[in-house]
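J.: Supplied structure: model37.txt, compact mmCIF, N, CA and C atoms.
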```txt
# COMPACT_ATOMS: atom_id res chain seq x y z
N MET A 1 46.49 154.87 119.95
CA MET A 1 47.70 154.29 119.40
C MET A 1 47.42 153.55 118.09
N LYS A 2 46.29 152.82 118.04
CA LYS A 2 45.94 152.11 116.81
C LYS A 2 45.66 153.09 115.68
N THR A 3 45.05 154.22 116.01
CA THR A 3 44.76 155.24 115.01
C THR A 3 46.06 155.79 114.44
N PHE A 4 47.05 156.01 115.29
CA PHE A 4 48.32 156.53 114.86
C PHE A 4 49.01 155.53 113.92
N ARG A 5 49.00 154.25 114.25
CA ARG A 5 49.61 153.22 113.40
C ARG A 5 48.90 153.15 112.06
N PHE A 6 47.57 153.23 112.12
CA PHE A 6 46.80 153.20 110.87
C PHE A 6 47.15 154.41 110.01
N LEU A 7 47.28 155.56 110.62
CA LEU A 7 47.61 156.78 109.89
C LEU A 7 48.99 156.65 109.24
N ILE A 8 49.95 156.14 109.97
CA ILE A 8 51.31 155.94 109.42
C ILE A 8 51.27 154.95 108.26
N ALA A 9 50.53 153.86 108.44
CA ALA A 9 50.43 152.86 107.37
C ALA A 9 49.76 153.45 106.13
N ALA A 10 48.72 154.24 106.33
CA ALA A 10 48.01 154.86 105.20
C ALA A 10 48.92 155.84 104.48
N LEU A 11 49.65 156.66 105.22
CA LEU A 11 50.57 157.62 104.59
C LEU A 11 51.68 156.91 103.83
N THR A 12 52.17 155.82 104.38
CA THR A 12 53.21 155.05 103.71
C THR A 12 52.69 154.48 102.40
N ALA A 13 51.47 153.94 102.43
CA ALA A 13 50.87 153.37 101.23
C ALA A 13 50.65 154.44 100.16
N VAL A 14 50.15 155.59 100.56
CA VAL A 14 49.92 156.68 99.60
C VAL A 14 51.23 157.15 99.02
N SER A 15 52.25 157.28 99.85
CA SER A 15 53.57 157.69 99.37
C SER A 15 54.13 156.68 98.39
N ALA A 16 53.99 155.41 98.69
CA ALA A 16 54.50 154.37 97.80
C ALA A 16 53.78 154.41 96.46
N MET A 17 52.47 154.61 96.48
CA MET A 17 51.71 154.69 95.23
C MET A 17 52.14 155.91 94.42
N ALA A 18 52.38 157.00 95.08
CA ALA A 18 52.79 158.22 94.37
C ALA A 18 54.13 158.00 93.69
N PHE A 19 55.08 157.39 94.40
CA PHE A 19 56.39 157.14 93.81
C PHE A 19 56.30 156.10 92.71
N THR A 20 55.44 155.10 92.86
CA THR A 20 55.25 154.09 91.83
C THR A 20 54.72 154.73 90.57
N ASN A 21 53.76 155.62 90.69
CA ASN A 21 53.21 156.28 89.51
C ASN A 21 54.27 157.14 88.82
N VAL A 22 55.10 157.81 89.58
CA VAL A 22 56.16 158.61 88.99
C VAL A 22 57.14 157.69 88.26
N SER A 23 57.50 156.58 88.87
CA SER A 23 58.44 155.65 88.25
C SER A 23 57.87 155.07 86.97
N GLU A 24 56.60 154.69 86.99
CA GLU A 24 55.98 154.14 85.79
C GLU A 24 55.93 155.19 84.70
N SER A 25 55.65 156.43 85.07
CA SER A 25 55.59 157.51 84.08
C SER A 25 56.95 157.71 83.43
N LYS A 26 57.99 157.73 84.24
CA LYS A 26 59.34 157.90 83.70
C LYS A 26 59.71 156.72 82.82
N ALA A 27 59.34 155.51 83.22
CA ALA A 27 59.65 154.33 82.43
C ALA A 27 58.97 154.41 81.07
N GLN A 28 57.74 154.91 81.04
CA GLN A 28 57.04 155.04 79.77
C GLN A 28 57.69 156.11 78.90
N ASP A 29 58.21 157.15 79.51
CA ASP A 29 58.85 158.21 78.75
C ASP A 29 60.16 157.76 78.12
N ILE A 30 60.86 156.82 78.74
CA ILE A 30 62.15 156.36 78.23
C ILE A 30 62.14 154.85 78.03
N ALA A 31 61.09 154.35 77.40
CA ALA A 31 60.94 152.91 77.21
C ALA A 31 61.71 152.41 75.99
N TYR A 32 62.55 153.23 75.41
CA TYR A 32 63.37 152.80 74.29
C TYR A 32 64.69 153.55 74.31
N TYR A 33 65.67 152.95 73.66
CA TYR A 33 67.01 153.50 73.70
C TYR A 33 67.27 154.43 72.52
N ASP A 34 66.94 153.97 71.30
CA ASP A 34 67.20 154.76 70.09
C ASP A 34 65.93 155.01 69.31
N THR A 35 65.88 156.14 68.64
CA THR A 35 64.80 156.39 67.69
C THR A 35 65.20 155.76 66.35
N ALA A 36 64.24 155.70 65.46
CA ALA A 36 64.52 155.16 64.13
C ALA A 36 65.53 156.04 63.39
N ALA A 37 65.52 157.34 63.65
CA ALA A 37 66.47 158.24 63.00
C ALA A 37 67.91 157.89 63.40
N VAL A 38 68.11 157.59 64.67
CA VAL A 38 69.45 157.22 65.14
C VAL A 38 69.87 155.90 64.50
N LEU A 39 68.96 154.94 64.46
CA LEU A 39 69.27 153.65 63.84
C LEU A 39 69.63 153.83 62.37
N GLU A 40 68.89 154.68 61.68
CA GLU A 40 69.17 154.93 60.26
C GLU A 40 70.58 155.50 60.08
N GLN A 41 71.00 156.37 60.99
CA GLN A 41 72.37 156.91 60.91
C GLN A 41 73.41 155.81 61.05
N PHE A 42 73.17 154.89 61.98
CA PHE A 42 74.10 153.77 62.15
C PHE A 42 74.12 152.89 60.89
N CYS A 43 72.95 152.66 60.33
CA CYS A 43 72.84 151.76 59.17
C CYS A 43 73.43 152.34 57.90
N THR A 44 73.53 153.63 57.82
CA THR A 44 74.06 154.27 56.61
C THR A 44 75.46 154.85 56.84
N SER A 45 76.03 154.57 57.98
CA SER A 45 77.36 155.08 58.31
C SER A 45 78.45 154.36 57.51
N ARG A 46 79.53 155.06 57.28
CA ARG A 46 80.67 154.44 56.60
C ARG A 46 81.59 153.71 57.58
N TYR A 47 81.29 153.82 58.87
CA TYR A 47 82.11 153.17 59.88
C TYR A 47 81.60 151.76 60.19
N ASP A 48 82.52 150.82 60.20
CA ASP A 48 82.15 149.42 60.44
C ASP A 48 81.48 149.21 61.79
N THR A 49 81.94 149.92 62.81
CA THR A 49 81.34 149.72 64.14
C THR A 49 79.89 150.20 64.16
N ASP A 50 79.61 151.30 63.48
CA ASP A 50 78.23 151.79 63.40
C ASP A 50 77.36 150.80 62.66
N TYR A 51 77.88 150.33 61.52
CA TYR A 51 77.11 149.39 60.71
C TYR A 51 76.90 148.07 61.47
N GLY A 52 77.89 147.68 62.24
CA GLY A 52 77.76 146.47 63.07
C GLY A 52 76.68 146.63 64.11
N TYR A 53 76.58 147.82 64.69
CA TYR A 53 75.51 148.11 65.65
C TYR A 53 74.16 147.97 64.95
N CYS A 54 74.05 148.53 63.76
CA CYS A 54 72.82 148.46 62.98
C CYS A 54 72.44 147.00 62.72
N ALA A 55 73.39 146.23 62.24
CA ALA A 55 73.13 144.82 61.91
C ALA A 55 72.70 144.04 63.15
N GLY A 56 73.40 144.26 64.24
CA GLY A 56 73.05 143.56 65.48
C GLY A 56 71.68 143.94 65.99
N TYR A 57 71.36 145.21 65.91
CA TYR A 57 70.07 145.70 66.39
C TYR A 57 68.94 145.10 65.58
N ILE A 58 69.04 145.18 64.27
CA ILE A 58 67.96 144.71 63.41
C ILE A 58 67.81 143.19 63.50
N THR A 59 68.90 142.47 63.49
CA THR A 59 68.78 141.01 63.58
C THR A 59 68.27 140.58 64.95
N SER A 60 68.56 141.34 65.98
CA SER A 60 68.01 141.02 67.30
C SER A 60 66.50 141.20 67.34
N VAL A 61 66.02 142.29 66.78
CA VAL A 61 64.57 142.51 66.71
C VAL A 61 63.94 141.44 65.83
N ALA A 62 64.59 141.10 64.72
CA ALA A 62 64.08 140.04 63.83
C ALA A 62 63.97 138.72 64.57
N ASP A 63 64.97 138.41 65.36
CA ASP A 63 64.95 137.18 66.17
C ASP A 63 63.74 137.15 67.11
N ILE A 64 63.48 138.26 67.74
CA ILE A 64 62.34 138.36 68.66
C ILE A 64 61.03 138.17 67.89
N LEU A 65 60.94 138.78 66.71
CA LEU A 65 59.70 138.70 65.92
C LEU A 65 59.38 137.28 65.45
N LEU A 66 60.38 136.43 65.39
CA LEU A 66 60.12 135.05 64.98
C LEU A 66 59.33 134.27 66.05
N GLN A 67 59.37 134.74 67.28
CA GLN A 67 58.66 134.05 68.36
C GLN A 67 57.56 134.87 69.00
N TYR A 68 57.70 136.18 69.01
CA TYR A 68 56.77 137.04 69.74
C TYR A 68 56.32 138.21 68.88
N GLU A 69 55.20 138.77 69.26
CA GLU A 69 54.78 140.03 68.65
C GLU A 69 55.50 141.17 69.36
N LEU A 70 55.77 142.22 68.60
CA LEU A 70 56.38 143.42 69.15
C LEU A 70 55.60 144.60 68.60
N TYR A 71 55.02 145.40 69.50
CA TYR A 71 54.16 146.52 69.10
C TYR A 71 52.99 146.05 68.23
N GLY A 72 52.57 144.80 68.43
CA GLY A 72 51.47 144.24 67.66
C GLY A 72 51.88 143.68 66.30
N TYR A 73 53.16 143.69 66.00
CA TYR A 73 53.66 143.20 64.72
C TYR A 73 54.32 141.84 64.89
N SER A 74 54.18 141.01 63.87
CA SER A 74 54.91 139.74 63.82
C SER A 74 55.41 139.57 62.39
N ALA A 75 56.47 138.82 62.24
CA ALA A 75 57.06 138.59 60.91
C ALA A 75 57.41 137.11 60.80
N CYS A 76 57.36 136.63 59.59
CA CYS A 76 57.69 135.22 59.34
C CYS A 76 58.66 135.15 58.16
N PHE A 77 59.83 134.60 58.40
CA PHE A 77 60.81 134.42 57.34
C PHE A 77 61.72 133.27 57.74
N SER A 78 62.38 132.71 56.75
CA SER A 78 63.25 131.56 57.00
C SER A 78 64.68 132.00 57.24
N SER A 79 65.50 131.04 57.60
CA SER A 79 66.92 131.35 57.81
C SER A 79 67.62 131.66 56.49
N ALA A 80 66.94 131.43 55.37
CA ALA A 80 67.51 131.79 54.07
C ALA A 80 67.58 133.30 53.89
N ILE A 81 66.80 134.03 54.66
CA ILE A 81 66.86 135.49 54.62
C ILE A 81 68.09 135.92 55.40
N LYS A 82 68.97 136.62 54.75
CA LYS A 82 70.22 137.04 55.39
C LYS A 82 70.05 138.39 56.07
N SER A 83 70.92 138.66 57.02
CA SER A 83 70.82 139.90 57.77
C SER A 83 70.90 141.13 56.86
N GLN A 84 71.66 141.04 55.78
CA GLN A 84 71.76 142.17 54.86
C GLN A 84 70.41 142.50 54.24
N GLN A 85 69.61 141.48 53.96
CA GLN A 85 68.27 141.71 53.42
C GLN A 85 67.39 142.42 54.45
N LEU A 86 67.54 142.03 55.70
CA LEU A 86 66.76 142.68 56.76
C LEU A 86 67.14 144.15 56.88
N ILE A 87 68.44 144.42 56.86
CA ILE A 87 68.93 145.79 56.97
C ILE A 87 68.45 146.63 55.78
N ASP A 88 68.60 146.09 54.58
CA ASP A 88 68.17 146.80 53.39
C ASP A 88 66.68 147.13 53.47
N ASN A 89 65.91 146.18 53.97
CA ASN A 89 64.47 146.39 54.10
C ASN A 89 64.16 147.54 55.05
N VAL A 90 64.81 147.56 56.20
CA VAL A 90 64.56 148.61 57.20
C VAL A 90 64.98 149.98 56.67
N VAL A 91 66.14 150.05 56.05
CA VAL A 91 66.63 151.33 55.51
C VAL A 91 65.68 151.83 54.42
N ALA A 92 65.23 150.95 53.54
CA ALA A 92 64.29 151.35 52.48
C ALA A 92 62.97 151.81 53.09
N TYR A 93 62.53 151.10 54.12
CA TYR A 93 61.28 151.49 54.79
C TYR A 93 61.41 152.90 55.36
N LEU A 94 62.52 153.19 56.01
CA LEU A 94 62.72 154.52 56.59
C LEU A 94 62.76 155.61 55.53
N LYS A 95 63.33 155.32 54.38
CA LYS A 95 63.34 156.31 53.29
C LYS A 95 61.93 156.57 52.77
N ASP A 96 61.12 155.52 52.74
CA ASP A 96 59.75 155.63 52.24
C ASP A 96 58.78 156.18 53.28
N HIS A 97 59.16 156.15 54.55
CA HIS A 97 58.28 156.58 55.64
C HIS A 97 59.02 157.54 56.59
N PRO A 98 59.41 158.71 56.11
CA PRO A 98 60.18 159.63 56.96
C PRO A 98 59.42 160.09 58.20
N GLN A 99 58.12 159.98 58.20
CA GLN A 99 57.33 160.38 59.36
C GLN A 99 57.57 159.44 60.56
N ASP A 100 58.15 158.27 60.32
CA ASP A 100 58.37 157.30 61.40
C ASP A 100 59.71 157.45 62.10
N VAL A 101 60.55 158.38 61.68
CA VAL A 101 61.90 158.46 62.25
C VAL A 101 61.93 158.86 63.72
N THR A 102 60.86 159.44 64.23
CA THR A 102 60.84 159.83 65.64
C THR A 102 60.33 158.70 66.54
N LEU A 103 59.87 157.62 65.94
CA LEU A 103 59.38 156.48 66.72
C LEU A 103 60.53 155.67 67.28
N PRO A 104 60.26 154.82 68.28
CA PRO A 104 61.32 153.93 68.77
C PRO A 104 61.84 153.05 67.64
N ALA A 105 63.14 152.87 67.58
CA ALA A 105 63.75 152.08 66.52
C ALA A 105 63.18 150.67 66.48
N LYS A 106 62.97 150.07 67.64
CA LYS A 106 62.47 148.68 67.66
C LYS A 106 61.06 148.59 67.06
N GLU A 107 60.26 149.62 67.24
CA GLU A 107 58.92 149.62 66.66
C GLU A 107 58.98 149.70 65.13
N VAL A 108 59.84 150.57 64.62
CA VAL A 108 59.95 150.74 63.17
C VAL A 108 60.56 149.49 62.53
N VAL A 109 61.54 148.89 63.18
CA VAL A 109 62.11 147.65 62.66
C VAL A 109 61.03 146.57 62.61
N ALA A 110 60.26 146.43 63.68
CA ALA A 110 59.19 145.44 63.72
C ALA A 110 58.16 145.70 62.63
N LYS A 111 57.78 146.95 62.47
CA LYS A 111 56.78 147.31 61.46
C LYS A 111 57.29 147.03 60.05
N SER A 112 58.52 147.41 59.78
CA SER A 112 59.06 147.23 58.43
C SER A 112 59.23 145.74 58.10
N LEU A 113 59.69 144.95 59.07
CA LEU A 113 59.87 143.52 58.81
C LEU A 113 58.53 142.79 58.70
N ALA A 114 57.55 143.22 59.49
CA ALA A 114 56.22 142.62 59.40
C ALA A 114 55.58 142.94 58.05
N THR A 115 55.85 144.12 57.54
CA THR A 115 55.32 144.50 56.22
C THR A 115 56.00 143.70 55.11
N ALA A 116 57.29 143.52 55.21
CA ALA A 116 58.04 142.81 54.17
C ALA A 116 57.88 141.30 54.25
N PHE A 117 57.71 140.79 55.47
CA PHE A 117 57.64 139.34 55.67
C PHE A 117 56.40 138.97 56.50
N PRO A 118 55.22 139.19 55.94
CA PRO A 118 54.00 138.92 56.72
C PRO A 118 53.83 137.42 56.95
N CYS A 119 53.20 137.10 58.05
CA CYS A 119 52.89 135.70 58.37
C CYS A 119 51.61 135.31 57.64
N GLN A 120 51.61 134.13 57.06
CA GLN A 120 50.41 133.61 56.41
C GLN A 120 49.54 132.96 57.46
N ARG A 121 48.30 133.41 57.56
CA ARG A 121 47.41 132.85 58.58
C ARG A 121 46.28 132.11 57.95
```
Output the file's structure in the form of structure tokens.
T.:
Amino acid sequence: MKTFRFLIAALTAVSAMAFTNVSESKAQDIAYYDTAAVLEQFCTSRYDTDYGYCAGYITSVADILLQYELYGYSACFSSAIKSQQLIDNVVAYLKDHPQDVTLPAKEVVAKSLATAFPCQR
């Protein structure tokens, strides 16, 4: 009877690990919502709602970068930098680095802002 319980416990543990690995794999595959190409479309759209999405997205990532690193990038800038400057910077970066359009949007925003506004160490 103890052997049977042990066998059931072992099978349950192996099954749980297998499902955990599948879940982690799927999470890594979809660990971002938009690519940089999609963000660029929003940022260059003639529609206010699209442009608003762009502005909100970039300023949100900028806010995070003021306290934390993202993808190994950090940025330092004052509140004197307006959101339009951040947007212009990201759009210009994407035009200069078309190879990055398939990356997660948050990574490209972090990279472009870290390049434009490096922290002095």
J.: Return the single residue from A:Ser45, A:Ser74, A:Gln67, A:Ser79 that is closest to Lys111 (chain A), with distances computed using only C-alpha atoms.
T.: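 Ranking A:Ser45, A:Ser74, A:Gln67, A:Ser79 by distance to Lys111 (chain A), first place goes to A:Ser74.
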J.: Which residue out of A:His97, A:Leu113, A:Ala80, A:Lys106 has the minimum interatomic distance to Thr35 (chain A) when only N, CA and C atoms are used?
T.: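 Of all the options, A:Lys106 lies closest to Thr35 (chain A).
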J.: Interatomic distance between CA of Ser78 (chain A) and CA of Ala92 (chain A)?
T.: 20.3 Å
J.: Find the distance between CA of Phe42 (chain A) and CA of Cys119 (chain A) and write it in Å to one decimal.
T.: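 One can read the CA of Phe42 (chain A) to CA of Cys119 (chain A) distance as 28.1 Å.
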J.: Give me, please, the distance in Å between atom N of Cys76 (chain A) and atom N of Ser112 (chain A), quoted to one decimal.
T.: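 These atoms are spaced 10.8 Å apart.
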J.: Can you tell me, as an NGL selection string, what residues are no more than 8 Å from Tyr53 (chain A) when counting all atoms listed in the file, ignoring any on the same chain fewer than 4 positions away?
T.: :A and (39 or 42-43 or 47-49 or 57-59)
J.: Given the choices A:Pro118, A:Leu66, A:Asp34, A:Val109, which gets closest to Asn89 (chain A) if the distance is worked out from all atoms listed in the file?
T.: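 Using all atoms listed in the file, the shortest distance to Asn89 (chain A) belongs to A:Val109.
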J.: In terms of the shortest atom-to-atom distance over only N, CA and C atoms, which of A:Ile64, A:Val38, A:Ala75, A:Val108 is closest to Val90 (chain A)?
T.: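 So, comparing all the options, the nearest one is A:Val108.
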